[in-house]
file final-v2.txt (compact mmCIF, C-alpha atoms)
# COMPACT_ATOMS: atom_id res chain seq x y z
CA SER S 293 169.55 94.82 106.96
CA ASP S 294 167.46 97.84 106.04
CA ALA S 295 164.36 95.79 106.76
CA ASP S 296 165.62 95.06 110.29
CA ASP S 297 166.24 98.77 110.94
CA ALA S 298 162.72 99.78 109.82
CA PRO S 299 160.26 100.82 112.53
CA ARG S 300 158.43 97.86 113.96
CA ASN S 301 154.95 97.74 115.43
CA ARG S 302 153.67 94.70 117.24
CA ALA S 303 150.53 94.20 119.23
CA ASN S 304 149.26 91.69 121.73
CA THR S 305 145.49 91.44 121.76
CA ARG S 306 142.83 89.96 124.03
CA THR S 307 139.21 89.62 122.93
CA THR S 308 136.33 90.01 125.36
CA LYS S 309 132.87 88.45 125.27
CA CYS S 310 131.29 91.78 124.36
CA GLY S 311 133.11 91.86 121.03
CA MET S 312 135.73 94.47 122.02
CA LYS S 313 139.45 93.87 121.74
CA LYS S 314 142.07 95.24 124.09
CA ALA S 315 145.27 96.00 122.18
CA LEU S 316 148.57 96.46 123.94
CA VAL S 317 150.74 98.24 121.38
CA PHE S 318 154.47 98.61 121.44
CA ALA S 319 155.65 101.27 119.03
CA ALA S 320 159.29 101.69 118.14
CA ASN S 321 160.43 104.83 116.39
CA GLY S 322 163.65 103.41 115.11
CA ASN S 323 165.87 104.50 118.02
CA GLU S 324 167.02 101.66 120.17
CA GLY S 325 165.46 101.77 123.59
CA ASP S 326 163.14 104.59 122.63
CA CYS S 327 159.69 103.01 122.70
CA CYS S 328 156.36 103.58 124.32
CA GLN S 329 153.56 101.34 125.47
CA GLU S 330 149.85 102.09 125.20
CA SER S 331 146.71 100.04 125.66
CA PHE S 332 143.22 100.87 124.46
CA TRP S 333 139.88 99.21 123.45
CA VAL S 334 139.05 98.74 119.83
CA PRO S 335 136.02 97.06 118.21
CA GLU S 336 136.51 93.44 117.31
CA VAL S 337 136.41 92.85 113.56
CA PRO S 338 134.90 89.44 112.86
CA ARG S 339 136.93 87.16 110.71
CA GLN S 340 135.45 86.41 107.37
CA LYS S 341 134.52 82.79 107.08
CA GLU S 342 135.80 80.94 104.09
CA LYS S 343 133.07 80.67 101.55
CA THR S 344 132.27 77.11 100.67
CA MET S 345 130.80 76.81 97.24
CA LYS S 346 128.30 74.04 97.78
CA LYS S 347 125.87 73.50 94.98
CA ARG S 348 122.38 73.12 96.31
CA LYS S 349 119.64 71.54 94.31
CA LYS S 350 117.17 74.20 93.28
CA ARG S 351 113.80 73.61 94.87
CA PRO S 352 110.88 73.60 92.43
CA SER S 353 108.21 76.26 92.69
CA VAL S 354 104.84 75.42 94.20
CA TYR S 355 103.36 75.32 90.71
CA ASP S 356 106.06 73.03 89.34
CA ALA S 357 105.70 70.71 92.33
CA ALA S 358 101.93 70.56 91.76
CA ILE S 359 102.43 69.64 88.09
CA GLU S 360 104.85 66.88 89.10
CA ARG S 361 102.20 65.44 91.40
CA LEU S 362 99.56 65.65 88.68
CA ASP S 363 101.92 63.74 86.39
CA VAL S 364 102.00 60.92 88.91
CA ILE S 365 98.24 61.01 89.58
CA PHE S 366 97.19 60.89 85.94
CA ARG S 367 99.76 58.21 85.23
CA GLU S 368 98.75 55.94 88.11
CA PHE S 369 94.96 56.51 88.13
CA ASP S 370 92.72 55.98 85.14
CA ASN S 371 89.80 57.74 86.85
CA VAL S 372 90.18 61.13 88.56
CA TYR S 373 87.66 63.53 90.01
CA VAL S 374 87.89 66.77 91.98
CA SER S 375 85.80 67.65 95.02
CA PHE S 376 84.89 71.24 94.21
CA SER S 377 83.20 73.38 96.88
CA GLY S 378 83.35 76.68 95.04
CA GLY S 379 85.98 78.04 97.45
CA LYS S 380 89.46 79.28 96.61
CA ASP S 381 91.35 76.12 97.62
CA SER S 382 89.35 73.66 95.53
CA GLY S 383 89.04 76.32 92.81
CA VAL S 384 92.80 76.53 92.38
CA LEU S 385 93.03 72.74 92.36
CA LEU S 386 90.31 72.46 89.73
CA HIS S 387 92.02 75.03 87.50
CA LEU S 388 95.33 73.18 87.79
CA CYS S 389 93.65 69.93 86.74
CA ILE S 390 91.72 71.50 83.87
CA ASP S 391 94.83 73.18 82.45
CA TYR S 392 96.87 70.01 82.92
CA VAL S 393 94.33 67.78 81.16
CA ARG S 394 93.89 70.18 78.25
CA LYS S 395 97.64 70.29 77.74
CA ASN S 396 98.61 66.69 78.42
CA HIS S 397 95.51 64.47 78.14
CA PRO S 398 92.97 66.23 75.88
CA SER S 399 91.08 62.99 75.31
CA ARG S 400 90.45 62.43 79.02
CA LYS S 401 87.78 63.94 81.24
CA ILE S 402 87.85 64.52 84.97
CA GLY S 403 84.82 64.27 87.20
CA VAL S 404 83.79 67.25 89.33
CA LEU S 405 81.69 66.73 92.44
CA HIS S 406 79.97 69.85 93.75
CA ILE S 407 77.42 69.78 96.55
CA ASP S 408 75.10 72.76 96.22
CA TYR S 409 73.79 73.70 99.68
CA GLU S 410 71.10 76.04 98.29
CA ALA S 411 71.74 78.78 100.88
CA GLN S 412 75.21 80.05 100.03
CA TYR S 413 76.89 83.25 98.92
CA GLN S 414 75.66 84.47 95.55
CA MET S 415 79.22 85.05 94.36
CA THR S 416 80.02 81.43 95.14
CA THR S 417 77.03 80.31 93.09
CA ASP S 418 78.04 82.58 90.19
CA TYR S 419 81.60 81.24 90.29
CA VAL S 420 80.43 77.61 90.29
CA ASP S 421 78.05 78.35 87.39
CA ALA S 422 80.90 79.83 85.35
CA GLU S 423 83.41 77.05 86.07
CA LEU S 424 81.07 74.16 85.37
CA SER S 425 79.60 75.62 82.19
CA SER S 426 82.85 76.81 80.57
CA ASN S 427 84.91 73.64 80.94
CA LEU S 428 82.59 70.92 79.70
CA ASP S 429 85.18 69.83 77.13
CA VAL S 430 87.34 68.31 79.90
CA ILE S 431 85.04 67.86 82.92
CA GLU S 432 82.07 65.68 83.81
CA PRO S 433 80.21 67.71 86.46
CA TYR S 434 77.93 66.36 89.17
CA ARG S 435 76.16 69.28 90.79
CA ILE S 436 74.33 67.75 93.72
CA CYS S 437 71.05 69.43 94.64
CA LEU S 438 69.61 66.69 96.85
CA PRO S 439 67.84 66.88 100.24
CA ILE S 440 70.79 65.85 102.37
CA ALA S 441 71.42 66.58 106.05
CA ALA S 442 73.81 69.52 106.29
CA GLN S 443 75.27 70.78 109.56
CA CYS S 444 73.51 73.87 110.88
CA ALA S 445 75.02 76.49 113.16
CA THR S 446 72.14 78.98 113.09
CA SER S 447 69.43 77.12 115.00
CA MET S 448 68.97 76.35 118.69
CA HIS S 449 66.48 73.58 117.86
CA GLN S 450 68.17 71.34 115.29
CA ALA S 451 71.75 70.37 114.46
CA TYR S 452 71.19 70.07 110.72
CA TRP S 453 68.98 71.33 107.94
CA ILE S 454 67.89 69.86 104.59
CA PRO S 455 68.46 71.94 101.45
CA TRP S 456 66.40 71.41 98.31
CA ASP S 457 63.61 69.70 100.22
CA ALA S 458 60.78 69.24 97.69
CA ASP S 459 58.23 69.33 100.48
CA LYS S 460 59.35 72.86 101.33
CA ARG S 461 59.82 74.25 97.86
CA ASP S 462 57.94 77.42 98.84
CA ILE S 463 60.77 78.48 101.15
CA TRP S 464 63.71 77.63 98.91
CA VAL S 465 66.31 80.39 98.99
CA ARG S 466 66.74 80.34 95.22
CA SER S 467 65.71 78.40 92.16
CA MET S 468 67.34 75.05 91.53
CA PRO S 469 70.06 75.09 88.84
CA ALA S 470 68.95 73.58 85.55
CA GLU S 471 71.89 71.21 85.14
CA SER S 472 71.87 69.45 88.50
CA VAL S 473 71.42 66.07 90.14
CA ASN S 474 68.13 66.27 92.04
CA GLU S 475 65.35 64.02 93.29
CA SER S 476 63.67 63.84 89.89
CA ASN S 477 66.75 62.55 88.01
CA CYS S 478 68.98 61.10 90.76
CA PRO S 479 71.17 58.29 89.34
CA PHE S 480 72.50 57.18 92.74
CA ASP S 481 71.14 53.84 93.93
CA PHE S 482 72.50 54.55 97.41
CA PHE S 483 70.76 57.86 98.06
CA VAL S 484 68.32 58.22 100.94
CA LYS S 485 66.66 61.51 101.78
CA GLY S 486 68.27 63.02 104.87
CA MET S 487 71.58 61.15 104.62
CA SER S 488 74.56 63.23 105.70
CA ASP S 489 76.59 65.14 103.14
CA TYR S 490 79.78 63.35 104.23
CA GLU S 491 78.15 59.96 103.76
CA LEU S 492 77.05 61.01 100.28
CA GLN S 493 80.61 61.99 99.41
CA LYS S 494 81.95 58.58 100.44
CA ARG S 495 79.22 56.69 98.61
CA PHE S 496 79.68 58.84 95.50
CA SER S 497 83.32 57.81 95.30
CA ARG S 498 82.39 54.12 95.10
CA TRP S 499 79.51 54.81 92.69
CA PHE S 500 81.67 56.90 90.34
CA HIS S 501 84.40 54.25 90.36
CA LYS S 502 81.92 51.57 89.26
CA LYS S 503 80.20 53.82 86.72
CA GLN S 504 83.50 54.56 84.97
CA LYS S 505 84.53 50.89 85.16
CA ALA S 506 87.79 52.16 86.51
CA LYS S 507 90.78 50.23 87.76
CA ARG S 508 91.95 52.96 90.11
CA THR S 509 90.09 56.11 91.15
CA ALA S 510 91.57 59.22 92.77
CA CYS S 511 89.58 61.95 94.50
CA LEU S 512 91.45 65.25 94.69
CA VAL S 513 90.74 67.66 97.55
CA GLY S 514 92.24 71.13 97.98
CA ILE S 515 93.24 71.89 101.58
CA ARG S 516 95.28 74.70 103.14
CA THR S 517 96.84 73.53 106.39
CA GLN S 518 97.06 77.14 107.63
CA GLU S 519 93.27 77.39 107.69
CA SER S 520 92.77 75.23 110.78
CA PHE S 521 94.61 72.90 113.11
CA ARG S 522 92.28 70.04 112.14
CA ARG S 523 93.20 70.43 108.49
CA TRP S 524 96.87 70.49 109.42
CA LYS S 525 96.41 67.24 111.36
CA ALA S 526 94.67 65.67 108.38
CA LEU S 527 97.89 65.95 106.38
CA HIS S 528 100.54 65.68 109.09
call {"tool": "encode", "arguments": {"input": "final-v2.txt", "output": "structure tokens"}}
result
Amino acid sequence: SDADDAPRNRANTRTTKCGMKKALVFAANGNEGDCCQESFWVPEVPRQKEKTMKKRKKRPSVYDAAIERLDVIFREFDNVYVSFSGGKDSGVLLHLCIDYVRKNHPSRKIGVLHIDYEAQYQMTTDYVDAELSSNLDVIEPYRICLPIAAQCATSMHQAYWIPWDADKRDIWVRSMPAESVNESNCPFDFFVKGMSDYELQKRFSRWFHKKQKAKRTACLVGIRTQESFRRWKALH
């Protein structure tokens, strides 16, 4: 047939590990017996893999995932408070909770525990002042200005220092905030001057649970695992 008489090209190929292909080409020009043979290296063209259309479940954004968790928390716990240091991690967490409560549970209030260490960055103090004063419709703040034992890394003679010590008022770094929990109005029956700040946090949790006559209490803490290996271990 005409198709059989048409010039034919055929090639035998061998692929190497380096991605090149050696082609041995036989070319016929249509005249019987008149053919030539030539071999040369050509780049290997990768075969296109068949696309498999697998539908993957879309992962929620970090914000959406946080809201889902808040849904569970406020559904399962009748009493919720946030440990707010004035830093960016706990600040973001507090904002999430405030926005969530205003939108979904406007009749509820969340507690906010803030330990004021007296000697801290002024911008931190200003930020705490603004957050606690502007969200009183949905928060119940506890700004702790008590003489607790705080870890100290600036002295060769003592491992801790005591902020807001009434006996040393003359060397206070700044004036005590007006709306604060201090020695003159302290409602905590467990407080002892010089107790550690971590012990106060644990005791506050029990005290706040009883005060609210709660069934279940949740304390929310904002932590970034990238900040330190210890924080990563705390969650993993």
call {"tool": "atom_distance", "arguments": {"input": "final-v2.txt", "atom1": "CA of Val430 (chain S)", "atom2": "CA of Ser399 (chain S)"}}
result
8.0 Å
call {"tool": "atom_distance", "arguments": {"input": "final-v2.txt", "atom1": "CA of Ala458 (chain S)", "atom2": "CA of Phe482 (chain S)"}}
result
18.8 Å
call {"tool": "closest_residue", "arguments": {"input": "final-v2.txt", "among": "S:Gly378, S:Met487, S:Leu388, S:Pro479", "to": "Lys503 (chain S)", "atoms": "all atoms listed in the file"}}
result
S:Pro479
call {"tool": "atom_distance", "arguments": {"input": "final-v2.txt", "atom1": "CA of Cys437 (chain S)", "atom2": "CA of Asn474 (chain S)"}}
result
5.0 Å
call {"tool": "closest_residue", "arguments": {"input": "final-v2.txt", "among": "S:Thr417, S:Ser353, S:Ser467, S:Asn371", "to": "Lys502 (chain S)", "atoms": "all atoms listed in the file"}}
result
S:Asn371
call {"tool": "build_atoms", "arguments": {"input": "final-v2.txt", "residues": "region 454-474 of chain S", "atoms": "N, CA and C atoms", "output": "short mmCIF file (atom, residue, chain, number, x, y, z; two decimals), in the frame of the given file"}}
result
data_model
loop_
_atom_site.label_atom_id
_atom_site.label_comp_id
_atom_site.auth_asym_id
_atom_site.auth_seq_id
_atom_site.Cartn_x
_atom_site.Cartn_y
_atom_site.Cartn_z
N ILE S 454 67.97 70.60 105.85
CA ILE S 454 67.89 69.86 104.59
C ILE S 454 67.65 70.83 103.44
N PRO S 455 68.67 71.08 102.62
CA PRO S 455 68.46 71.94 101.45
C PRO S 455 67.70 71.20 100.35
N TRP S 456 67.09 71.94 99.47
CA TRP S 456 66.40 71.41 98.31
C TRP S 456 65.34 70.36 98.68
N ASP S 457 64.69 70.59 99.80
CA ASP S 457 63.61 69.70 100.22
C ASP S 457 62.36 70.00 99.38
N ALA S 458 61.93 69.02 98.58
CA ALA S 458 60.78 69.24 97.69
C ALA S 458 59.51 69.55 98.46
N ASP S 459 59.42 69.07 99.67
CA ASP S 459 58.23 69.33 100.48
C ASP S 459 58.19 70.78 100.98
N LYS S 460 59.29 71.47 100.88
CA LYS S 460 59.35 72.86 101.33
C LYS S 460 59.83 73.78 100.21
N ARG S 461 59.40 73.47 99.02
CA ARG S 461 59.82 74.25 97.86
C ARG S 461 59.47 75.73 98.01
N ASP S 462 58.39 76.03 98.72
CA ASP S 462 57.94 77.42 98.84
C ASP S 462 58.90 78.29 99.64
N ILE S 463 59.81 77.67 100.38
CA ILE S 463 60.77 78.48 101.15
C ILE S 463 62.20 78.29 100.67
N TRP S 464 62.36 77.73 99.46
CA TRP S 464 63.71 77.63 98.91
C TRP S 464 64.32 79.03 98.80
N VAL S 465 65.61 79.10 99.05
CA VAL S 465 66.31 80.39 98.99
C VAL S 465 66.45 80.89 97.56
N ARG S 466 66.60 79.96 96.64
CA ARG S 466 66.74 80.34 95.22
C ARG S 466 66.25 79.18 94.37
N SER S 467 66.16 79.43 93.08
CA SER S 467 65.71 78.40 92.16
C SER S 467 66.80 77.35 91.97
N MET S 468 66.39 76.13 91.73
CA MET S 468 67.34 75.05 91.53
C MET S 468 68.02 75.20 90.17
N PRO S 469 69.34 75.00 90.12
CA PRO S 469 70.06 75.09 88.84
C PRO S 469 69.52 74.07 87.83
N ALA S 470 69.52 74.44 86.59
CA ALA S 470 68.95 73.58 85.55
C ALA S 470 69.73 72.28 85.40
N GLU S 471 71.05 72.39 85.32
CA GLU S 471 71.89 71.21 85.14
C GLU S 471 72.35 70.73 86.52
N SER S 472 71.53 69.92 87.15
CA SER S 472 71.87 69.45 88.50
C SER S 472 71.35 68.04 88.71
N VAL S 473 71.91 67.37 89.71
CA VAL S 473 71.42 66.07 90.14
C VAL S 473 70.44 66.33 91.27
N ASN S 474 69.17 66.00 91.04
CA ASN S 474 68.13 66.27 92.04
C ASN S 474 67.24 65.04 92.20
#
